[in-house]
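Engineer: Structure: query-v2.txt, compact mmCIF, C-alpha atoms.
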```txt
# COMPACT_ATOMS: atom_id res chain seq x y z
CA MET L 1020 -67.52 35.61 -74.19
CA LYS L 1021 -64.04 36.47 -75.43
CA VAL L 1022 -62.18 38.50 -72.83
CA THR L 1023 -58.84 40.27 -72.60
CA ILE L 1024 -57.52 40.76 -69.07
CA ILE L 1025 -55.06 43.65 -68.87
CA LEU L 1026 -52.69 43.88 -65.92
CA ALA L 1027 -51.69 47.37 -64.73
CA SER L 1028 -49.48 46.46 -61.78
CA TYR L 1029 -48.72 49.89 -60.37
CA ASP L 1030 -49.49 51.55 -57.05
CA SER L 1031 -48.69 55.25 -56.59
CA GLY L 1032 -45.99 55.18 -59.24
CA HIS L 1033 -44.34 51.97 -58.08
CA TYR L 1034 -44.33 48.79 -60.14
CA HIS L 1035 -45.53 45.73 -58.20
CA GLY L 1036 -45.66 47.72 -54.97
CA GLY L 1037 -48.60 47.55 -52.55
CA CYS L 1038 -51.83 47.19 -54.51
CA GLY L 1039 -49.70 46.83 -57.62
CA GLN L 1040 -49.27 43.20 -56.53
CA GLY L 1041 -53.01 42.63 -56.73
CA PRO L 1042 -53.38 41.96 -60.48
CA ASP L 1043 -50.84 39.12 -60.46
CA ALA L 1044 -52.36 37.68 -57.28
CA ILE L 1045 -55.81 37.57 -58.86
CA ILE L 1046 -54.44 35.80 -61.93
CA ALA L 1047 -52.45 33.39 -59.75
CA GLY L 1048 -55.69 32.66 -57.89
CA GLY L 1049 -56.98 30.88 -61.00
CA LEU L 1050 -59.11 33.55 -62.71
CA VAL L 1051 -58.40 32.44 -66.29
CA ASP L 1052 -59.20 28.78 -65.59
CA GLU L 1053 -62.31 29.73 -63.64
CA LEU L 1054 -63.58 31.85 -66.54
CA ALA L 1055 -62.87 28.98 -68.95
CA LEU L 1056 -64.88 26.56 -66.80
CA HIS L 1057 -67.86 28.87 -67.31
CA GLY L 1058 -67.42 29.17 -71.07
CA HIS L 1059 -65.42 32.41 -71.28
CA GLU L 1060 -62.16 32.52 -73.22
CA ALA L 1061 -59.66 34.84 -71.55
CA THR L 1062 -56.23 36.01 -72.65
CA VAL L 1063 -53.91 38.02 -70.40
CA GLU L 1064 -51.85 41.04 -71.39
CA ASP L 1065 -49.44 42.89 -69.09
CA ILE L 1066 -48.58 46.54 -69.70
CA GLU L 1067 -45.39 45.81 -67.72
CA LYS L 1068 -43.08 48.66 -66.70
CA VAL L 1069 -43.75 52.09 -68.15
CA THR L 1070 -40.65 53.73 -66.61
CA GLU L 1071 -37.07 52.54 -66.40
CA ASP L 1072 -36.21 53.78 -62.91
CA ASP L 1073 -39.12 52.89 -60.65
CA GLU L 1074 -37.50 54.26 -57.48
CA GLN L 1075 -37.25 57.73 -58.97
CA ALA L 1076 -40.58 57.68 -60.78
CA ARG L 1077 -43.02 60.44 -59.95
CA GLU L 1078 -46.53 59.32 -59.06
CA VAL L 1079 -48.26 61.73 -61.43
CA SER L 1080 -46.15 61.15 -64.53
CA THR L 1081 -46.05 57.39 -64.01
CA GLY L 1082 -49.77 57.23 -63.24
CA PHE L 1083 -50.66 58.86 -66.53
CA ALA L 1084 -48.10 56.76 -68.42
CA VAL L 1085 -49.96 53.71 -67.07
CA CYS L 1086 -53.21 55.26 -68.33
CA ASP L 1087 -51.69 55.73 -71.79
CA ALA L 1088 -50.58 52.09 -71.91
CA ALA L 1089 -53.92 50.83 -70.60
CA ALA L 1090 -55.80 52.84 -73.24
CA GLY L 1091 -53.80 51.19 -76.01
CA HIS L 1092 -54.37 47.68 -74.69
CA VAL L 1093 -58.08 48.28 -74.14
CA ALA L 1094 -58.58 49.75 -77.61
CA GLY L 1095 -56.68 46.81 -79.10
CA ALA L 1096 -58.88 44.31 -77.29
CA ILE L 1097 -62.07 46.02 -78.46
CA GLY L 1098 -60.71 46.11 -82.01
CA LEU L 1099 -60.45 42.32 -81.84
CA GLY L 1100 -64.01 41.99 -80.56
CA ARG L 1101 -62.92 41.14 -77.02
CA PHE L 1102 -64.33 42.51 -73.76
CA PRO L 1103 -61.63 44.38 -71.77
CA ILE L 1104 -61.09 43.74 -68.05
CA VAL L 1105 -58.39 45.87 -66.45
CA LEU L 1106 -56.89 44.66 -63.17
CA ALA L 1107 -55.17 47.69 -61.68
CA GLY L 1108 -53.42 48.77 -58.54
CA ASN L 1109 -54.69 52.34 -58.82
CA CYS L 1110 -58.12 53.80 -59.57
CA LEU L 1111 -56.67 56.46 -61.88
CA THR L 1112 -55.92 53.73 -64.43
CA THR L 1113 -59.63 53.77 -65.20
CA ALA L 1114 -59.04 56.99 -67.15
CA GLY L 1115 -57.02 54.92 -69.60
CA ALA L 1116 -59.69 52.24 -69.83
CA VAL L 1117 -62.39 54.87 -70.42
CA ALA L 1118 -60.27 56.41 -73.17
CA GLY L 1119 -59.61 53.09 -74.88
CA GLU L 1120 -63.32 52.22 -74.80
CA LYS L 1121 -64.46 55.72 -75.79
CA ALA L 1122 -66.86 55.43 -72.88
CA ASP L 1123 -69.26 58.32 -72.31
CA SER L 1124 -70.47 57.31 -68.84
CA VAL L 1125 -69.22 55.56 -65.72
CA VAL L 1126 -70.55 53.60 -62.75
CA TRP L 1127 -68.02 53.94 -59.95
CA PHE L 1128 -68.18 51.43 -57.06
CA ASP L 1129 -65.86 52.72 -54.34
CA GLN L 1130 -65.83 53.61 -50.65
CA HIS L 1131 -64.26 56.95 -51.66
CA ALA L 1132 -65.75 59.65 -53.87
CA ASP L 1133 -62.35 60.35 -55.53
CA LEU L 1134 -63.55 63.87 -56.39
CA ASN L 1135 -60.68 65.87 -54.95
CA THR L 1136 -58.41 68.05 -57.07
CA PRO L 1137 -54.87 69.25 -56.33
CA GLU L 1138 -56.46 72.38 -54.87
CA THR L 1139 -58.81 70.56 -52.49
CA SER L 1140 -56.84 67.46 -51.53
CA THR L 1141 -55.30 67.47 -48.06
CA SER L 1142 -53.16 64.40 -48.81
CA GLY L 1143 -52.13 64.92 -52.42
CA PHE L 1144 -53.07 61.29 -53.13
CA LEU L 1145 -53.54 61.00 -56.89
CA ASP L 1146 -56.13 58.22 -56.71
CA GLY L 1147 -58.33 60.52 -54.63
CA MET L 1148 -58.65 62.62 -57.81
CA ALA L 1149 -59.60 59.80 -60.18
CA VAL L 1150 -63.27 60.69 -60.68
CA ALA L 1151 -62.43 64.40 -60.86
CA THR L 1152 -59.98 63.54 -63.64
CA LEU L 1153 -62.63 61.58 -65.54
CA LEU L 1154 -64.99 64.56 -65.28
CA GLY L 1155 -62.34 66.97 -66.59
CA ARG L 1156 -61.98 68.87 -63.33
CA CYS L 1157 -58.23 68.39 -62.92
CA TRP L 1158 -55.07 67.19 -64.68
CA ARG L 1159 -56.65 68.26 -67.98
CA PRO L 1160 -53.50 68.38 -70.15
CA LEU L 1161 -52.28 64.98 -68.94
CA ALA L 1162 -55.71 63.36 -69.23
CA GLY L 1163 -56.30 64.98 -72.60
CA ALA L 1164 -53.07 63.42 -73.87
CA ILE L 1165 -54.39 59.88 -73.23
CA PRO L 1166 -55.34 58.56 -76.70
CA GLY L 1167 -59.13 58.68 -77.07
CA PHE L 1168 -59.84 60.44 -73.77
CA ALA L 1169 -62.83 62.76 -73.50
CA PRO L 1170 -64.25 64.04 -70.18
CA ILE L 1171 -67.47 62.45 -68.94
CA GLU L 1172 -70.41 64.74 -68.22
CA PRO L 1173 -71.32 64.75 -64.49
CA GLN L 1174 -74.89 63.63 -65.16
CA ARG L 1175 -73.51 60.47 -66.74
CA ALA L 1176 -71.51 59.49 -63.64
CA MET L 1177 -72.92 57.38 -60.81
CA LEU L 1178 -71.01 56.77 -57.58
CA VAL L 1179 -72.08 53.64 -55.72
CA GLY L 1180 -71.31 52.68 -52.13
CA VAL L 1181 -69.40 55.84 -51.22
CA ARG L 1182 -69.01 56.27 -47.46
CA ALA L 1183 -65.77 58.25 -47.02
CA VAL L 1184 -66.25 61.76 -48.41
CA ASP L 1185 -64.11 64.83 -47.72
CA PRO L 1186 -65.84 68.18 -47.06
CA ALA L 1187 -64.76 69.62 -50.42
CA GLU L 1188 -66.13 66.54 -52.16
CA GLU L 1189 -69.46 66.91 -50.38
CA GLY L 1190 -69.73 70.41 -51.78
CA LEU L 1191 -69.03 69.21 -55.29
CA LEU L 1192 -71.61 66.45 -55.00
CA LYS L 1193 -74.21 69.08 -54.07
CA GLU L 1194 -73.20 71.42 -56.88
CA GLN L 1195 -72.90 68.87 -59.67
CA SER L 1196 -75.45 66.45 -61.07
CA ILE L 1197 -73.42 63.40 -60.06
CA LEU L 1198 -75.52 60.55 -58.74
CA SER L 1199 -74.36 59.06 -55.45
CA VAL L 1200 -76.33 55.99 -54.38
CA GLN L 1201 -76.01 52.94 -52.19
CA CYS L 1202 -75.56 49.46 -53.62
CA SER L 1203 -79.20 48.58 -53.08
CA GLU L 1204 -80.20 51.53 -55.31
CA ALA L 1205 -77.74 50.99 -58.17
CA ALA L 1206 -79.96 48.99 -60.49
CA GLY L 1207 -82.95 51.27 -60.04
CA LYS L 1208 -80.99 54.46 -60.58
CA ALA L 1209 -79.09 53.22 -63.65
CA ALA L 1210 -81.90 54.35 -65.95
CA SER L 1211 -81.06 57.97 -65.16
CA LEU L 1212 -77.69 57.52 -66.89
CA MET L 1213 -79.47 56.30 -70.00
CA GLU L 1214 -81.79 59.29 -69.86
CA ALA L 1215 -78.69 61.51 -69.67
CA GLY L 1216 -77.38 59.99 -72.89
CA ALA L 1217 -75.19 57.08 -71.73
CA ARG L 1218 -74.38 54.83 -74.68
CA ARG L 1219 -71.03 53.34 -73.67
CA THR L 1220 -70.63 52.80 -69.93
CA HIS L 1221 -67.47 51.87 -68.05
CA LEU L 1222 -67.82 49.88 -64.84
CA HIS L 1223 -65.22 50.66 -62.16
CA ILE L 1224 -64.98 48.52 -59.02
CA ASP L 1225 -62.58 49.56 -56.30
CA LEU L 1226 -62.57 46.39 -54.24
CA ASP L 1227 -62.34 48.34 -50.98
CA VAL L 1228 -65.98 49.22 -51.43
CA HIS L 1229 -66.53 45.93 -49.57
CA ASP L 1230 -67.21 45.91 -45.86
CA PRO L 1231 -63.75 45.08 -44.41
CA GLU L 1232 -65.42 42.93 -41.76
CA MET L 1233 -66.52 40.63 -44.58
CA LEU L 1234 -63.64 41.01 -47.06
CA GLN L 1235 -60.38 42.80 -46.31
CA VAL L 1236 -58.76 44.00 -49.55
CA ASN L 1237 -56.32 46.71 -48.43
CA ARG L 1238 -55.28 48.86 -45.48
CA TYR L 1239 -57.55 51.78 -46.36
CA ALA L 1240 -61.02 50.24 -46.08
CA THR L 1241 -63.32 51.92 -43.57
CA PRO L 1242 -66.23 50.30 -41.67
CA GLY L 1243 -69.44 49.68 -43.52
CA GLY L 1244 -70.05 48.81 -47.14
CA PRO L 1245 -71.62 45.83 -48.89
CA SER L 1246 -70.89 42.16 -48.48
CA PRO L 1247 -69.53 40.32 -51.55
CA ASP L 1248 -73.04 39.04 -52.30
CA GLN L 1249 -74.56 42.51 -52.00
CA LEU L 1250 -71.90 44.03 -54.24
CA ARG L 1251 -72.30 41.30 -56.83
CA LYS L 1252 -76.07 41.83 -56.91
CA ALA L 1253 -75.60 45.59 -57.36
CA VAL L 1254 -73.03 45.16 -60.14
CA ILE L 1255 -75.24 42.70 -62.01
CA GLY L 1256 -78.22 44.99 -61.62
CA ALA L 1257 -76.31 47.90 -63.12
CA ALA L 1258 -74.89 45.73 -65.91
CA ASP L 1259 -78.37 44.49 -66.78
CA ALA L 1260 -79.57 48.07 -67.25
CA LEU L 1261 -76.59 49.78 -68.90
CA PRO L 1262 -74.46 49.34 -72.05
CA ILE L 1263 -71.29 48.19 -70.26
CA VAL L 1264 -68.24 48.23 -72.57
CA GLY L 1265 -65.47 47.41 -70.08
CA VAL L 1266 -64.58 46.99 -66.43
CA THR L 1267 -61.74 47.93 -64.12
CA LEU L 1268 -61.06 46.32 -60.74
CA SER L 1269 -58.56 48.02 -58.46
CA ALA L 1270 -56.94 48.40 -55.05
CA TYR L 1271 -56.34 44.80 -53.91
CA ASP L 1272 -53.23 44.38 -51.77
CA PRO L 1273 -52.62 40.65 -51.21
CA ILE L 1274 -50.44 41.31 -48.18
CA VAL L 1275 -53.61 41.93 -46.11
CA ASP L 1276 -55.23 38.77 -47.48
CA PRO L 1277 -52.89 35.93 -46.44
CA SER L 1278 -55.60 33.28 -46.83
CA GLY L 1279 -56.34 34.36 -50.41
CA GLU L 1280 -60.03 35.13 -49.95
CA VAL L 1281 -60.22 37.93 -52.51
CA PRO L 1282 -59.37 36.18 -55.84
CA PRO L 1283 -62.30 33.72 -55.67
CA VAL L 1284 -64.66 36.60 -54.86
CA VAL L 1285 -63.36 38.49 -57.90
CA GLY L 1286 -63.75 35.38 -60.05
CA LYS L 1287 -67.36 34.86 -59.02
CA LEU L 1288 -68.17 38.51 -59.59
CA LEU L 1289 -66.65 38.55 -63.09
CA ILE L 1290 -68.30 35.28 -64.11
CA GLU L 1291 -71.74 36.58 -63.17
CA LEU L 1292 -71.01 39.91 -64.87
CA LEU L 1293 -69.90 38.26 -68.11
CA ASP L 1294 -72.85 35.88 -68.05
CA THR L 1295 -75.18 38.86 -67.67
CA LEU L 1296 -73.58 40.80 -70.51
CA GLU L 1297 -73.60 37.76 -72.79
CA LYS L 1298 -77.35 37.32 -72.34
CA ARG L 1299 -78.18 40.91 -73.28
```
Hey, can you dump this file as structure tokens for me?

Structural biologist:
Amino acid sequence: MKVTIILASYDSGHYHGGCGQGPDAIIAGGLVDELALHGHEATVEDIEKVTEDDEQAREVSTGFAVCDAAAGHVAGAIGLGRFPIVLAGNCLTTAGAVAGEKADSVVWFDQHADLNTPETSTSGFLDGMAVATLLGRCWRPLAGAIPGFAPIEPQRAMLVGVRAVDPAEEGLLKEQSILSVQCSEAAGKAASLMEAGARRTHLHIDLDVHDPEMLQVNRYATPGGPSPDQLRKAVIGAADALPIVGVTLSAYDPIVDPSGEVPPVVGKLLIELLDTLEKR
């Protein structure tokens, strides 16, 4: 399969800070060569800096500027018949990938629900609003300005592996028709997205969905979650059932992974995903 890997190396408005170092670390871990060994041709594009003065950049404006850039790169890759893989520091960048793909549905692997809005968030953390942004519940003017962006209907969104949910998010999950399932249920529940009209599905994988006892990817992971093998099985099951048009992987901070355990896990996951999509 022909693949374009797009690097969005930002974390909370800062270029190459924190999890913004993750995309380069994954590439340095040999991802392109590993994909080639399994028959996949990968090129790498870097959106690079989107603001001139990183120290003064505001998280919100920079975050959406990254989304704009990601959307352009993703759309360009698809126009060339290539499958887009976005390696991002922040989850919000997925809004750009969804826009560039014109995706109408999403499978969201994450330990967090990311359903807060500015009105409900107690921390103000922008990434905690990523799914709410995709669903059109907040930041509407900024999201609407991303080329190609259209909100996803709640019934075409499936959260997988969520275990850290704020009270306000619990209320929204009860009110809305958003699926929230465990990894072991992902493949079986994917059909409900198709029944809801999913035709172009984006796959989002926040790597801190992993059990930190088995794979530490950042400082924010909470106890529980799947092993790498369990996650890979769930991702492949979902990909086998849904029309996946692109993938984002986010939230890897290499400073907590001095032995470099995460890049090979990412490589194995992506190889099996691409092999699955190629056979469909």

Engineer: Tell me, as a PyMOL selection string, which residues lie within 6 Å of Arg1251 in chain L, counting all atoms listed in the file; anything in the same chain fewer than 3 positions away does not count.

Structural biologist: chain L and resi 1248+1254+1288

Engineer: Would you pick out the contacts of range 1283-1285 of chain L at 10 Å or less, using all atoms listed in the file, so that residues sharing its chain but fewer than 6 positions from it are not included, and give the list as number ranges by chain?

Structural biologist: L: 1045, 1048-1050, 1053, 1226, 1234, 1247-1248, 1251, 1268

Engineer: Write out as JSON an axis-aligned box for range 1116-1132 of chain L: all of its atoms listed in the file, 6 Å added on each side, centre and edge lengths in Å with one decimal.

Structural biologist:
```
{"center_x": -65.1, "center_y": 55.5, "center_z": -63.2, "size_x": 22.9, "size_y": 20.2, "size_z": 37.1}
```

Engineer: Given the choices L:Val1063, L:Ala1055, L:Cys1038, L:Leu1292, which gets closest to Leu1026 in chain L if the distance is worked out from all atoms listed in the file?

Structural biologist: L:Val1063

Engineer: Quick one, how far is CA of Val1281 in chain L from CA of Gly1143 in chain L?

Structural biologist: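 CA of Gly1143 in chain L lies 28.2 Å from CA of Val1281 in chain L.
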
Engineer: Write out as a Markdown table a residue-level contact list of range 1141-1198 of chain L versus range 1074-1097 of chain L with cut-off 10 Å: for each qualifying residue the closest pair of atoms and the distance in Å to one decimal, counting all atoms listed in the file, rows sorted by chain and residue number upward.

Structural biologist:
```
| residue | atom | partner | partner_atom | distance |
| --- | --- | --- | --- | --- |
| L:Phe1144 | CA | L:Glu1078 | CA | 9.0 |
| L:Leu1145 | CA | L:Val1079 | CA | 7.0 |
| L:Asp1146 | CA | L:Gly1082 | CA | 9.2 |
| L:Trp1158 | CA | L:Val1079 | CA | 9.3 |
| L:Leu1161 | CA | L:Phe1083 | CA | 6.8 |
| L:Ala1162 | CA | L:Phe1083 | CA | 7.3 |
| L:Ala1164 | CA | L:Asp1087 | CA | 8.1 |
| L:Ile1165 | CA | L:Asp1087 | CA | 5.2 |
| L:Pro1166 | CA | L:Ala1090 | CA | 6.7 |
| L:Gly1167 | CA | L:Ala1090 | CA | 7.7 |
| L:Phe1168 | CA | L:Ala1090 | CA | 8.6 |
```

Engineer: Rank L:Gln1174, L:Thr1152, L:Thr1023, L:Ser1278 by their smallest atom-to-atom distance to Gln1235 in chain L, using only C-alpha atoms, and report the top residue only.

Structural biologist: L:Ser1278

Engineer: From the options L:Glu1071, L:Glu1297, L:Asp1227, L:Asp1276, which residue's atoms come nearest to Ala1258 in chain L, counting all atoms listed in the file?

Structural biologist: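 Under the stated criterion, the closest residue is L:Glu1297.
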
Engineer: Which is closer to Lys1193 in chain L than all the others in L:Ala1210, L:Pro1173, L:Asp1030, L:Asp1052, using all atoms listed in the file?

Structural biologist: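 The shortest atom-to-atom distance to Lys1193 in chain L comes from L:Pro1173.
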
Engineer: Take CA of Thr1220 in chain L and CA of Gly1119 in chain L and report the distance between them in Å, one decimal.

Structural biologist: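 Atom-to-atom, CA of Thr1220 in chain L to CA of Gly1119 in chain L, that is 12.1 Å.
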
Engineer: For Leu1106 in chain L, which residue among L:His1131, L:Arg1156, L:Arg1175, L:His1223 is the nearest when counting all atoms listed in the file?

Structural biologist: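 Among L:His1131, L:Arg1156, L:Arg1175, L:His1223, it is L:His1223 that comes nearest to Leu1106 in chain L.
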
Engineer: What's the separation between CA of Ala1253 in chain L and CA of Gly1037 in chain L, in Å to one decimal place?

Structural biologist: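 Computing the Euclidean distance for CA of Ala1253 in chain L and CA of Gly1037 in chain L yields 27.5 Å.
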
Engineer: For each of L:Ile1197, L:Ala1169, L:Val1184, L:Leu1296, take the minimum atom-to-atom distance to Ala1116 in chain L, counting only C-alpha atoms, then give the residue where this is smallest.

Structural biologist: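 The shortest atom-to-atom distance to Ala1116 in chain L comes from L:Ala1169.
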
Engineer: Would you list the contacts of Leu1153 in chain L as a list in words, taking every protein, DNA or RNA residue within 9 Å and counting only C-alpha atoms, but skipping same-chain residues closer than 6 positions in sequence?

Structural biologist: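 Within the cut-off, the hits are Leu1111, Thr1113, Ala1114, Val1117, Val1125, Ala1162, Phe1168, Ala1169, Pro1170, Ile1171 and Glu1172 of chain L.
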
Engineer: I need the residues from that last selection saved to file as a CSV table (one decimal), in the frame of the given file (with C-alpha atoms), if you can.

Structural biologist:
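After the write, result_38.csv holds the following:
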```csv
chain,number,residue,atom,x,y,z
L,1111,LEU,CA,-56.7,56.5,-61.9
L,1113,THR,CA,-59.6,53.8,-65.2
L,1114,ALA,CA,-59.0,57.0,-67.2
L,1117,VAL,CA,-62.4,54.9,-70.4
L,1125,VAL,CA,-69.2,55.6,-65.7
L,1162,ALA,CA,-55.7,63.4,-69.2
L,1168,PHE,CA,-59.8,60.4,-73.8
L,1169,ALA,CA,-62.8,62.8,-73.5
L,1170,PRO,CA,-64.2,64.0,-70.2
L,1171,ILE,CA,-67.5,62.4,-68.9
L,1172,GLU,CA,-70.4,64.7,-68.2
```

Engineer: Taking (-82.4, 43.7, -53.2) as a centre in this file's frame and 9 Å as the limit, can you find every polymer residue with an atom that close, using all atoms listed in the file, and give them as a list in words?

Structural biologist: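 Output of the proximity query reads Cys1202, Ser1203, Glu1204, Gln1249, Lys1252 and Ala1253 of chain L.
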
Engineer: How about completing range 1240-1255 of chain L with N, CA, C and O atoms and giving it to me as a tab-separated table (two decimals), keeping the file's coordinate frame?

Structural biologist:
```tsv
chain	number	residue	atom	x	y	z
L	1240	ALA	N	-59.57	50.41	-46.17
L	1240	ALA	CA	-61.02	50.24	-46.08
L	1240	ALA	C	-61.55	50.70	-44.73
L	1240	ALA	O	-60.96	50.44	-43.69
L	1241	THR	N	-62.67	51.41	-44.77
L	1241	THR	CA	-63.32	51.92	-43.57
L	1241	THR	C	-64.57	51.09	-43.27
L	1241	THR	O	-65.10	50.41	-44.15
L	1242	PRO	N	-65.06	51.12	-42.04
L	1242	PRO	CA	-66.23	50.30	-41.67
L	1242	PRO	C	-67.44	50.59	-42.55
L	1242	PRO	O	-67.65	51.70	-43.04
L	1243	GLY	N	-68.24	49.56	-42.70
L	1243	GLY	CA	-69.44	49.68	-43.52
L	1243	GLY	C	-69.21	49.09	-44.90
L	1243	GLY	O	-68.21	48.44	-45.16
L	1244	GLY	N	-70.17	49.31	-45.78
L	1244	GLY	CA	-70.05	48.81	-47.14
L	1244	GLY	C	-70.77	47.49	-47.33
L	1244	GLY	O	-71.22	46.85	-46.38
L	1245	PRO	N	-70.87	47.05	-48.57
L	1245	PRO	CA	-71.62	45.83	-48.89
L	1245	PRO	C	-70.81	44.57	-48.63
L	1245	PRO	O	-69.58	44.58	-48.60
L	1246	SER	N	-71.51	43.47	-48.48
L	1246	SER	CA	-70.89	42.16	-48.48
L	1246	SER	C	-70.58	41.78	-49.93
L	1246	SER	O	-71.08	42.42	-50.88
L	1247	PRO	N	-69.76	40.75	-50.17
L	1247	PRO	CA	-69.53	40.32	-51.55
L	1247	PRO	C	-70.82	40.00	-52.30
L	1247	PRO	O	-70.96	40.34	-53.48
L	1248	ASP	N	-71.77	39.36	-51.64
L	1248	ASP	CA	-73.04	39.04	-52.30
L	1248	ASP	C	-73.82	40.30	-52.65
L	1248	ASP	O	-74.40	40.41	-53.74
L	1249	GLN	N	-73.84	41.26	-51.74
L	1249	GLN	CA	-74.56	42.51	-52.00
L	1249	GLN	C	-73.91	43.30	-53.14
L	1249	GLN	O	-74.60	43.87	-53.99
L	1250	LEU	N	-72.59	43.32	-53.16
L	1250	LEU	CA	-71.90	44.03	-54.24
L	1250	LEU	C	-72.18	43.34	-55.57
L	1250	LEU	O	-72.48	44.00	-56.57
L	1251	ARG	N	-72.08	42.03	-55.59
L	1251	ARG	CA	-72.30	41.30	-56.83
L	1251	ARG	C	-73.71	41.56	-57.37
L	1251	ARG	O	-73.90	41.79	-58.57
L	1252	LYS	N	-74.69	41.56	-56.50
L	1252	LYS	CA	-76.07	41.83	-56.91
L	1252	LYS	C	-76.19	43.23	-57.49
L	1252	LYS	O	-76.87	43.44	-58.51
L	1253	ALA	N	-75.53	44.22	-56.87
L	1253	ALA	CA	-75.60	45.59	-57.36
L	1253	ALA	C	-74.91	45.73	-58.71
L	1253	ALA	O	-75.41	46.42	-59.62
L	1254	VAL	N	-73.75	45.10	-58.87
L	1254	VAL	CA	-73.03	45.16	-60.14
L	1254	VAL	C	-73.85	44.53	-61.25
L	1254	VAL	O	-73.97	45.09	-62.35
L	1255	ILE	N	-74.43	43.38	-60.99
L	1255	ILE	CA	-75.24	42.70	-62.01
L	1255	ILE	C	-76.47	43.52	-62.35
L	1255	ILE	O	-76.86	43.62	-63.52
```
